[in-house]
Structures are given as structure tokens and as C-alpha cells.
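The structure file run-v9.cif is reproduced below (mmCIF, C-alpha atoms and all ligand atoms).
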```
data_input
#
loop_
_atom_site.group_PDB
_atom_site.id
_atom_site.type_symbol
_atom_site.label_atom_id
_atom_site.label_comp_id
_atom_site.auth_asym_id
_atom_site.auth_seq_id
_atom_site.Cartn_x
_atom_site.Cartn_y
_atom_site.Cartn_z
ATOM 1 C CA GLU A 14 -20.844 13.706 -65.237
ATOM 2 C CA GLN A 15 -23.812 16.007 -64.860
ATOM 3 C CA PRO A 16 -23.245 19.682 -63.939
ATOM 4 C CA VAL A 17 -23.138 20.616 -60.270
ATOM 5 C CA LEU A 18 -24.958 23.488 -58.586
ATOM 6 C CA ALA A 19 -23.792 24.373 -55.069
ATOM 7 C CA VAL A 20 -26.258 26.146 -52.775
ATOM 8 C CA ILE A 21 -24.532 28.380 -50.262
ATOM 9 C CA GLY A 22 -25.503 31.105 -47.815
ATOM 10 C CA ARG A 23 -25.740 31.881 -44.117
ATOM 11 C CA PRO A 24 -27.578 29.489 -41.797
ATOM 12 C CA ASN A 25 -31.374 29.804 -41.776
ATOM 13 C CA VAL A 26 -31.718 31.720 -45.052
ATOM 14 C CA GLY A 27 -33.711 28.800 -46.515
ATOM 15 C CA LYS A 28 -31.109 26.822 -48.492
ATOM 16 C CA SER A 29 -32.513 23.394 -47.657
ATOM 17 C CA THR A 30 -36.090 24.552 -48.288
ATOM 18 C CA LEU A 31 -34.945 25.813 -51.683
ATOM 19 C CA VAL A 32 -33.105 22.572 -52.459
ATOM 20 C CA ASN A 33 -36.340 20.667 -51.807
ATOM 21 C CA ARG A 34 -38.151 23.085 -54.122
ATOM 22 C CA ILE A 35 -35.531 22.556 -56.852
ATOM 23 C CA ILE A 36 -35.540 18.756 -56.639
ATOM 24 C CA GLY A 37 -39.317 18.594 -56.151
ATOM 25 C CA ARG A 38 -39.003 16.307 -53.143
ATOM 26 C CA ARG A 39 -38.670 16.843 -49.396
ATOM 27 C CA GLU A 40 -35.297 15.239 -48.832
ATOM 28 C CA ALA A 41 -33.139 18.087 -47.563
ATOM 29 C CA VAL A 42 -33.627 18.652 -43.841
ATOM 30 C CA VAL A 43 -35.266 21.974 -43.003
ATOM 31 C CA GLU A 44 -34.987 23.291 -39.469
ATOM 32 C CA ASP A 45 -35.932 26.384 -37.561
ATOM 33 C CA THR A 46 -32.613 26.088 -35.737
ATOM 34 C CA PRO A 47 -29.678 27.466 -37.746
ATOM 35 C CA GLY A 48 -26.905 25.114 -38.795
ATOM 36 C CA VAL A 49 -28.804 21.847 -39.120
ATOM 37 C CA THR A 50 -27.394 20.838 -42.515
ATOM 38 C CA ARG A 51 -23.870 20.112 -41.370
ATOM 39 C CA ASP A 52 -22.283 18.577 -44.416
ATOM 40 C CA ARG A 53 -22.593 18.743 -48.123
ATOM 41 C CA VAL A 54 -25.434 16.583 -49.374
ATOM 42 C CA SER A 55 -26.016 15.946 -53.082
ATOM 43 C CA TYR A 56 -29.325 15.435 -54.843
ATOM 44 C CA ASP A 57 -30.343 14.798 -58.445
ATOM 45 C CA ALA A 58 -32.522 17.452 -60.065
ATOM 46 C CA LEU A 59 -34.421 17.581 -63.359
ATOM 47 C CA TRP A 60 -35.778 20.703 -65.074
ATOM 48 C CA ASN A 61 -36.878 21.148 -68.691
ATOM 49 C CA GLY A 62 -35.400 17.786 -69.614
ATOM 50 C CA ARG A 63 -31.959 18.570 -68.200
ATOM 51 C CA THR A 64 -30.448 16.838 -65.196
ATOM 52 C CA PHE A 65 -28.006 18.352 -62.731
ATOM 53 C CA THR A 66 -26.697 17.751 -59.243
ATOM 54 C CA VAL A 67 -27.672 20.078 -56.391
ATOM 55 C CA VAL A 68 -25.376 20.302 -53.393
ATOM 56 C CA ASP A 69 -26.939 21.535 -50.162
ATOM 57 C CA THR A 70 -24.463 22.874 -47.628
ATOM 58 C CA GLY A 71 -24.330 23.952 -44.033
ATOM 59 C CA GLY A 72 -24.370 27.681 -43.420
ATOM 60 C CA TRP A 73 -21.396 29.807 -44.273
ATOM 61 C CA ASP A 74 -19.784 31.616 -41.358
ATOM 62 C CA PRO A 75 -16.126 32.596 -41.968
ATOM 63 C CA ASP A 76 -15.581 33.459 -38.291
ATOM 64 C CA ALA A 77 -17.078 30.259 -36.953
ATOM 65 C CA LYS A 78 -15.138 27.862 -34.739
ATOM 66 C CA GLY A 79 -15.490 24.133 -34.167
ATOM 67 C CA MET A 80 -18.484 22.531 -35.766
ATOM 68 C CA ALA A 81 -19.517 25.724 -37.506
ATOM 69 C CA GLU A 82 -16.020 25.953 -38.969
ATOM 70 C CA ARG A 83 -16.466 22.499 -40.430
ATOM 71 C CA ILE A 84 -19.737 23.625 -41.962
ATOM 72 C CA ALA A 85 -17.945 26.584 -43.555
ATOM 73 C CA GLN A 86 -15.247 24.292 -44.943
ATOM 74 C CA GLN A 87 -17.885 22.086 -46.514
ATOM 75 C CA ALA A 88 -19.413 25.128 -48.189
ATOM 76 C CA GLU A 89 -15.998 26.157 -49.477
ATOM 77 C CA VAL A 90 -15.413 22.704 -50.962
ATOM 78 C CA ALA A 91 -18.856 22.826 -52.545
ATOM 79 C CA MET A 92 -17.952 26.155 -54.116
ATOM 80 C CA THR A 93 -14.771 24.655 -55.559
ATOM 81 C CA VAL A 94 -16.389 21.590 -57.144
ATOM 82 C CA ALA A 95 -19.469 23.418 -58.453
ATOM 83 C CA ASP A 96 -20.070 24.520 -62.043
ATOM 84 C CA ALA A 97 -22.363 27.284 -60.780
ATOM 85 C CA ILE A 98 -23.245 28.671 -57.376
ATOM 86 C CA LEU A 99 -26.657 29.548 -56.031
ATOM 87 C CA PHE A 100 -26.070 32.166 -53.348
ATOM 88 C CA VAL A 101 -29.099 32.484 -51.068
ATOM 89 C CA VAL A 102 -29.764 35.615 -49.012
ATOM 90 C CA ASP A 103 -32.679 36.197 -46.622
ATOM 91 C CA SER A 104 -34.232 39.330 -48.121
ATOM 92 C CA ARG A 105 -35.964 40.093 -44.814
ATOM 93 C CA VAL A 106 -32.630 40.277 -43.016
ATOM 94 C CA GLY A 107 -30.765 41.996 -45.847
ATOM 95 C CA ILE A 108 -27.021 42.096 -46.416
ATOM 96 C CA THR A 109 -24.818 41.099 -43.472
ATOM 97 C CA ASP A 110 -21.023 41.335 -43.025
ATOM 98 C CA ILE A 111 -20.788 37.620 -43.692
ATOM 99 C CA ASP A 112 -22.643 38.042 -46.979
ATOM 100 C CA GLU A 113 -20.151 40.742 -48.017
ATOM 101 C CA ARG A 114 -17.269 38.394 -47.282
ATOM 102 C CA VAL A 115 -18.907 35.548 -49.148
ATOM 103 C CA VAL A 116 -19.278 37.853 -52.165
ATOM 104 C CA LYS A 117 -15.492 38.352 -52.216
ATOM 105 C CA LEU A 118 -14.967 34.585 -52.181
ATOM 106 C CA LEU A 119 -17.579 34.156 -54.906
ATOM 107 C CA ARG A 120 -15.794 36.709 -57.094
ATOM 108 C CA ALA A 121 -12.476 34.923 -56.508
ATOM 109 C CA SER A 122 -14.035 31.595 -57.518
ATOM 110 C CA LYS A 123 -14.907 33.112 -60.940
ATOM 111 C CA LYS A 124 -17.853 30.696 -61.129
ATOM 112 C CA PRO A 125 -21.251 31.830 -62.413
ATOM 113 C CA VAL A 126 -23.363 33.011 -59.470
ATOM 114 C CA ILE A 127 -27.135 33.169 -59.229
ATOM 115 C CA LEU A 128 -28.355 35.423 -56.438
ATOM 116 C CA ALA A 129 -31.588 34.234 -54.808
ATOM 117 C CA ALA A 130 -33.406 36.774 -52.626
ATOM 118 C CA ASN A 131 -35.380 34.330 -50.500
ATOM 119 C CA LYS A 132 -38.406 34.763 -48.235
ATOM 120 C CA VAL A 133 -40.160 37.082 -50.684
ATOM 121 C CA ASP A 134 -43.502 35.490 -49.808
ATOM 122 C CA ASP A 135 -45.578 38.313 -51.282
ATOM 123 C CA GLN A 136 -45.387 41.489 -53.381
ATOM 124 C CA ARG A 137 -44.256 43.617 -50.428
ATOM 125 C CA GLY A 138 -41.000 41.674 -50.235
ATOM 126 C CA GLU A 139 -39.958 42.740 -53.743
ATOM 127 C CA LEU A 140 -38.533 46.028 -52.470
ATOM 128 C CA GLU A 141 -36.303 44.276 -49.927
ATOM 129 C CA ALA A 142 -35.158 41.900 -52.646
ATOM 130 C CA ALA A 143 -34.191 44.841 -54.879
ATOM 131 C CA ALA A 144 -31.878 46.123 -52.118
ATOM 132 C CA LEU A 145 -29.685 43.077 -52.802
ATOM 133 C CA TRP A 146 -28.527 44.723 -56.039
ATOM 134 C CA ASN A 147 -26.024 46.356 -53.644
ATOM 135 C CA LEU A 148 -24.139 43.064 -53.329
ATOM 136 C CA GLY A 149 -22.797 43.719 -56.827
ATOM 137 C CA LEU A 150 -23.670 40.230 -58.072
ATOM 138 C CA GLY A 151 -26.221 41.377 -60.615
ATOM 139 C CA GLU A 152 -29.970 40.925 -60.503
ATOM 140 C CA PRO A 153 -31.370 39.431 -57.298
ATOM 141 C CA MET A 154 -34.041 36.863 -58.132
ATOM 142 C CA PRO A 155 -36.942 37.264 -55.705
ATOM 143 C CA ILE A 156 -38.216 33.879 -54.566
ATOM 144 C CA SER A 157 -40.142 32.164 -51.819
ATOM 145 C CA ALA A 158 -38.623 28.733 -51.301
ATOM 146 C CA LEU A 159 -41.460 28.033 -48.881
ATOM 147 C CA HIS A 160 -44.344 28.840 -51.241
ATOM 148 C CA GLY A 161 -42.652 28.344 -54.630
ATOM 149 C CA ARG A 162 -42.928 31.969 -55.743
ATOM 150 C CA GLY A 163 -40.415 32.698 -58.531
ATOM 151 C CA SER A 164 -39.042 29.145 -58.598
ATOM 152 C CA GLY A 165 -39.674 28.619 -62.332
ATOM 153 C CA ASP A 166 -37.668 31.707 -63.284
ATOM 154 C CA LEU A 167 -34.947 30.682 -60.844
ATOM 155 C CA LEU A 168 -34.690 27.205 -62.355
ATOM 156 C CA ASP A 169 -34.459 28.728 -65.845
ATOM 157 C CA ALA A 170 -31.581 30.937 -64.624
ATOM 158 C CA ILE A 171 -29.885 27.905 -63.067
ATOM 159 C CA LEU A 172 -29.972 26.022 -66.369
ATOM 160 C CA ASP A 173 -28.570 29.078 -68.162
ATOM 161 C CA ALA A 174 -25.671 29.229 -65.684
ATOM 162 C CA LEU A 175 -24.798 25.512 -65.742
HETATM 163 P P1 LIG B 201 -30.972 26.739 -44.183
HETATM 164 O O1 LIG B 201 -30.356 26.725 -42.822
HETATM 165 O O2 LIG B 201 -30.410 27.858 -45.002
HETATM 166 O O3 LIG B 201 -30.904 25.420 -44.884
HETATM 167 O O4 LIG B 201 -32.524 27.100 -43.985
HETATM 168 P P2 LIG B 201 -33.787 26.122 -43.925
HETATM 169 O O5 LIG B 201 -34.175 25.685 -45.291
HETATM 170 O O6 LIG B 201 -33.528 25.051 -42.925
HETATM 171 O O7 LIG B 201 -34.922 27.143 -43.447
HETATM 172 C C1 LIG B 201 -34.774 27.877 -42.238
HETATM 173 C C2 LIG B 201 -36.127 28.430 -41.847
HETATM 174 O O8 LIG B 201 -36.573 29.405 -42.814
HETATM 175 C C3 LIG B 201 -37.234 27.369 -41.775
HETATM 176 O O9 LIG B 201 -38.078 27.686 -40.687
HETATM 177 C C4 LIG B 201 -37.959 27.548 -43.104
HETATM 178 O O10 LIG B 201 -39.293 27.119 -43.072
HETATM 179 C C5 LIG B 201 -37.862 29.059 -43.301
HETATM 180 N N1 LIG B 201 -37.975 29.453 -44.709
HETATM 181 C C6 LIG B 201 -37.284 28.966 -45.771
HETATM 182 N N2 LIG B 201 -37.671 29.547 -46.914
HETATM 183 C C7 LIG B 201 -38.640 30.447 -46.609
HETATM 184 C C8 LIG B 201 -39.434 31.365 -47.375
HETATM 185 O O11 LIG B 201 -39.366 31.478 -48.605
HETATM 186 N N3 LIG B 201 -40.312 32.134 -46.679
HETATM 187 C C9 LIG B 201 -40.440 32.040 -45.327
HETATM 188 N N4 LIG B 201 -41.336 32.822 -44.740
HETATM 189 N N5 LIG B 201 -39.714 31.191 -44.574
HETATM 190 C C10 LIG B 201 -38.817 30.390 -45.200
HETATM 191 MG MG MG B 202 -29.974 23.633 -44.380
#
```
As C-alpha cells, please, write out the structure in this file.
Amino acid sequence: EQPVLAVIGRPNVGKSTLVNRIIGRREAVVEDTPGVTRDRVSYDALWNGRTFTVVDTGGWDPDAKGMAERIAQQAEVAMTVADAILFVVDSRVGITDIDERVVKLLRASKKPVILAANKVDDQRGELEAAALWNLGLGEPMPISALHGRGSGDLLDAILDAL
């Protein structure tokens, strides 16, 4: 019944850390090794009196084979069932080829997309986050999933999109 937010992005960009930040609990598994969240996992979230479902996914890699391919399929399913998509990019790494391809799929999905520029742990990171305007998805929201920087504004944007 409640609206669904799917969190997608390449492995290791901080999706699971951000999911924990959104739900306010440490339930999504965070790992230093890419590709740990292998399937879609749903969690209940509450912000400003509104409830929604957050779907954490494995990393998106369109060229992946085997297990990684399964992860990508899960992300694609998540994108299909979602009411809005939270696309997470590591602002320290910047835009990769995979991100560009994901943007095309996001456009095709015609779902509302919120662009999170993650790992902006301090003021210096803001410039790198601004570079993500080049993805053509609108304003990148600078956040630090690890430290909580920008998470209130992000949650407000999520509610607006759902
Ligand atoms: P996922 O593969 O996209 O789900 O990424 P994870 O949430 O598992 O995080 C991958 C790594 O990035 C972990 O070592 C996290 O602690 C780290 N990480 C996540 N968010 C941030 C952030 O905002 N700042 C920094 N410095 N590291 C982060
Ligand atoms: Mg994960």
C-alpha cells in the first residue's frame, strides 16, 4: 500500500549506509567490499509522519556476468516496482560509464528520480557534488550517508517525489 522508494547505484557508493540513515536503524548490511547487498531488501521508513518502503539493492553493473548480473536484474526490478528512485553516486569518484547508462534507463522508466551525491563528508566535497549536474538529472543533493550531512533535506525531497 505505502509508496516505494528504490535505492540504486553502483556497488560501494553507499546505498546501504544511506538506507540505514533513512530508516534510522542499522539493518541494511554495509561492507567495504563491493556487491555485498545481493538482492532487493525492503524496509519500512517514517519521516514527517509519512510512511514509505525503502528498497535496498545490489549494485548496478549492466556489463556484469553471473552473480553480478543477478544483482543488476534485482536493481532493474526495483526500478520497475518503485514509485520514485533514489540514484546514489559517489561524488568522490564522479560520473562513470555505468552511471551514464543507468541515467538512460532512469529516463526510460519515467519515474521521479532523486540524485544523491554521496560521500560529501565536509564542505570541500560540495564542488565534486556540483559536477553531478552533468548527469542531466537535475540538482544533485550533497549528502554524507556516513555522517548524516544533508539527510534531512534529502528526506524532504524523497517525500516530495513519492
Ligand atoms: P553499497 O555497496 O552502495 O551498499 O555501499 P555501502 O553502504 O555498503 O558502503 C560502501 C562503503 O562506503 C563502506 O565502507 C561505507 O562505510 C562507505 N560510505 C558510505 N557512505 C559514506 C559517506 O557518506 N562517506 C564516506 N566517507 N564513506 C561512506
Ligand atoms: Mg549495499
Item checked: CA of Ala144 in chain A to atom N5 of ligand LIG 201 (chain B), straight-line distance in Å -> 18.5 Å
Check: Looking at A:Asp96, A:Asp134, A:Glu113, A:Asp57, which one is nearest to ligand LIG 201 (chain B), with distances taken over only C-alpha atoms and all ligand atoms?
Finding: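 Closest to ligand LIG 201 (chain B), using only C-alpha atoms and all ligand atoms: A:Asp134.
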Checklist line | CA of Ile98 in chain A to CA of Leu175 in chain A, distance in Å rounded to a single decimal | finding: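 CA of Leu175 in chain A lies at a distance of 9.1 Å from CA of Ile98 in chain A.
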Notebook entry, point to check: Smallest atom-to-atom distance to ligand LIG 201 (chain B): which of A:Val94, A:Val68, A:Leu140, A:Ile156, using only C-alpha atoms and all ligand atoms?
Noted result: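 Looking only at the distances to ligand LIG 201 (chain B), the closest residue turns out to be A:Ile156.
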Note to self: If we draw a sphere of 7 Å around (-36.9, 18.6, -62.3), which residues have at least one atom in it when counting all atoms listed in the file? Please report them as an MDAnalysis selection string.
What the structure shows: chainID A and resid 35:37 58:61
Take the residues from that selection and write them out as a compact mmCIF listing (two decimals), in the coordinates of the input, keeping C-alpha atoms.
```txt
# COMPACT_ATOMS: atom_id res chain seq x y z
CA ILE A 35 -35.53 22.56 -56.85
CA ILE A 36 -35.54 18.76 -56.64
CA GLY A 37 -39.32 18.59 -56.15
CA ALA A 58 -32.52 17.45 -60.06
CA LEU A 59 -34.42 17.58 -63.36
CA TRP A 60 -35.78 20.70 -65.07
CA ASN A 61 -36.88 21.15 -68.69
```
Next item on the list: Please work out which residues fall within 12 Å of (-31.6, 38.1, -53.0), coordinates as given in the file, with only C-alpha atoms counting, and return them as JSON, numbers by chain.
Entry: {"A": [22, 26, 27, 99, 100, 101, 102, 103, 104, 105, 106, 107, 108, 112, 126, 127, 128, 129, 130, 131, 132, 133, 138, 139, 140, 141, 142, 143, 144, 145, 146, 147, 148, 149, 150, 151, 152, 153, 154, 155, 156, 157, 158, 163, 167]}
Please write out, as lines of an AutoDock Vina configuration file, where the centre of an axis-aligned box around all listed atoms of ligand LIG 201 (chain B) lies and how long its edges are, in Å to one decimal, after adding 4 Å on each side.
```
center_x = -35.8
center_y = 28.9
center_z = -44.6
size_x = 19.0
size_y = 15.8
size_z = 15.9
```
Next item on the list: List the neighbours of Val32 in chain A out to 8 Å using all atoms listed in the file; skip same-chain residues closer than 2 positions along the sequence, and give me the result as number ranges by chain.
Entry: A: 20, 28-30, 34-36, 41, 67, 69
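Atom pair CA of Pro125 in chain A / atom O6 of ligand LIG 201 (chain B) has a distance of 24.0 Å (rounded to one decimal).
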Check: Closest to ligand MG 202 (chain B) among A:Val17, A:Gly161, A:Tyr56, A:Arg23, using all atoms listed in the file?
Finding: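 Among A:Val17, A:Gly161, A:Tyr56, A:Arg23, it is A:Arg23 that comes nearest to ligand MG 202 (chain B).
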Checklist line | Near-Ser122 in chain A list (10 Å; all atoms listed in the file; drop same-chain fewer than 6 positions) as number ranges by chain | finding: A: 89, 92-93, 95, 97-98, 116
Note to self: I need the residue nearest Ser55 in chain A from this list: A:Val90, A:Asp166, A:Arg137, A:Ala19. Use only C-alpha atoms for the distance.
What the structure shows: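 Closest residue, counting only C-alpha atoms: A:Ala19.
For the residues A:Ala170, A:Thr66, A:Val42, A:Ala121, ranking by smallest atom-to-atom distance to ligand LIG 201 (chain B) using all atoms listed in the file places A:Val42 first.
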Next item on the list: May I ask which of the residues A:Asp110, A:Glu14, A:Glu40, A:Asp169 is the closest one to ligand LIG 201 (chain B), counting all atoms listed in the file?
Entry: A:Glu40
Atoms added to range 119-146 of chain A (N, CA and C atoms), reported as an mmCIF file, in the frame of the given file:
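Full text of part-v9.cif as output:
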```cif
data_model
loop_
_atom_site.group_PDB
_atom_site.id
_atom_site.type_symbol
_atom_site.label_atom_id
_atom_site.label_comp_id
_atom_site.auth_asym_id
_atom_site.auth_seq_id
_atom_site.Cartn_x
_atom_site.Cartn_y
_atom_site.Cartn_z
ATOM 1 N N LEU A 119 -16.871 34.522 -53.677
ATOM 2 C CA LEU A 119 -17.579 34.156 -54.906
ATOM 3 C C LEU A 119 -16.879 34.771 -56.109
ATOM 4 N N ARG A 120 -16.482 36.045 -55.988
ATOM 5 C CA ARG A 120 -15.794 36.709 -57.094
ATOM 6 C C ARG A 120 -14.496 35.991 -57.411
ATOM 7 N N ALA A 121 -13.761 35.609 -56.329
ATOM 8 C CA ALA A 121 -12.476 34.923 -56.508
ATOM 9 C C ALA A 121 -12.670 33.570 -57.191
ATOM 10 N N SER A 122 -13.785 32.929 -56.934
ATOM 11 C CA SER A 122 -14.035 31.595 -57.518
ATOM 12 C C SER A 122 -14.255 31.688 -59.023
ATOM 13 N N LYS A 123 -14.654 32.867 -59.507
ATOM 14 C CA LYS A 123 -14.907 33.112 -60.940
ATOM 15 C C LYS A 123 -15.965 32.181 -61.527
ATOM 16 N N LYS A 124 -16.765 31.556 -60.660
ATOM 17 C CA LYS A 124 -17.853 30.696 -61.129
ATOM 18 C C LYS A 124 -19.097 31.550 -61.356
ATOM 19 N N PRO A 125 -19.981 31.110 -62.264
ATOM 20 C CA PRO A 125 -21.251 31.830 -62.413
ATOM 21 C C PRO A 125 -22.056 31.773 -61.109
ATOM 22 N N VAL A 126 -22.602 32.926 -60.720
ATOM 23 C CA VAL A 126 -23.363 33.011 -59.470
ATOM 24 C C VAL A 126 -24.789 33.464 -59.760
ATOM 25 N N ILE A 127 -25.741 32.747 -59.190
ATOM 26 C CA ILE A 127 -27.135 33.169 -59.229
ATOM 27 C C ILE A 127 -27.483 33.644 -57.824
ATOM 28 N N LEU A 128 -28.025 34.852 -57.740
ATOM 29 C CA LEU A 128 -28.355 35.423 -56.438
ATOM 30 C C LEU A 128 -29.852 35.265 -56.171
ATOM 31 N N ALA A 129 -30.184 34.452 -55.171
ATOM 32 C CA ALA A 129 -31.588 34.234 -54.808
ATOM 33 C C ALA A 129 -31.933 35.070 -53.583
ATOM 34 N N ALA A 130 -32.903 35.977 -53.744
ATOM 35 C CA ALA A 130 -33.406 36.774 -52.626
ATOM 36 C C ALA A 130 -34.596 36.022 -52.044
ATOM 37 N N ASN A 131 -34.337 35.229 -51.009
ATOM 38 C CA ASN A 131 -35.380 34.330 -50.500
ATOM 39 C C ASN A 131 -36.302 35.008 -49.475
ATOM 40 N N LYS A 132 -37.378 34.343 -49.199
ATOM 41 C CA LYS A 132 -38.406 34.763 -48.235
ATOM 42 C C LYS A 132 -39.194 35.982 -48.739
ATOM 43 N N VAL A 133 -39.261 36.097 -50.080
ATOM 44 C CA VAL A 133 -40.160 37.082 -50.684
ATOM 45 C C VAL A 133 -41.494 36.361 -50.877
ATOM 46 N N ASP A 134 -42.260 36.278 -49.801
ATOM 47 C CA ASP A 134 -43.502 35.490 -49.808
ATOM 48 C C ASP A 134 -44.643 36.220 -50.504
ATOM 49 N N ASP A 135 -44.538 37.537 -50.602
ATOM 50 C CA ASP A 135 -45.578 38.313 -51.282
ATOM 51 C C ASP A 135 -44.969 39.560 -51.928
ATOM 52 N N GLN A 136 -45.810 40.315 -52.608
ATOM 53 C CA GLN A 136 -45.387 41.489 -53.381
ATOM 54 C C GLN A 136 -44.573 42.485 -52.552
ATOM 55 N N ARG A 137 -44.946 42.633 -51.268
ATOM 56 C CA ARG A 137 -44.256 43.617 -50.428
ATOM 57 C C ARG A 137 -42.765 43.333 -50.309
ATOM 58 N N GLY A 138 -42.405 42.056 -50.386
ATOM 59 C CA GLY A 138 -41.000 41.674 -50.235
ATOM 60 C C GLY A 138 -40.117 42.068 -51.402
ATOM 61 N N GLU A 139 -40.737 42.433 -52.526
ATOM 62 C CA GLU A 139 -39.958 42.740 -53.743
ATOM 63 C C GLU A 139 -38.967 43.890 -53.523
ATOM 64 N N LEU A 140 -39.385 44.867 -52.721
ATOM 65 C CA LEU A 140 -38.533 46.028 -52.470
ATOM 66 C C LEU A 140 -37.264 45.623 -51.716
ATOM 67 N N GLU A 141 -37.452 44.762 -50.698
ATOM 68 C CA GLU A 141 -36.303 44.276 -49.927
ATOM 69 C C GLU A 141 -35.371 43.470 -50.820
ATOM 70 N N ALA A 142 -35.971 42.702 -51.726
ATOM 71 C CA ALA A 142 -35.158 41.900 -52.646
ATOM 72 C C ALA A 142 -34.312 42.808 -53.535
ATOM 73 N N ALA A 143 -34.902 43.916 -53.994
ATOM 74 C CA ALA A 143 -34.191 44.841 -54.879
ATOM 75 C C ALA A 143 -32.970 45.452 -54.191
ATOM 76 N N ALA A 144 -33.020 45.578 -52.865
ATOM 77 C CA ALA A 144 -31.878 46.123 -52.118
ATOM 78 C C ALA A 144 -30.635 45.260 -52.281
ATOM 79 N N LEU A 145 -30.825 43.988 -52.669
ATOM 80 C CA LEU A 145 -29.685 43.077 -52.802
ATOM 81 C C LEU A 145 -28.882 43.314 -54.078
ATOM 82 N N TRP A 146 -29.360 44.256 -54.928
ATOM 83 C CA TRP A 146 -28.527 44.723 -56.039
ATOM 84 C C TRP A 146 -27.194 45.230 -55.490
#
```
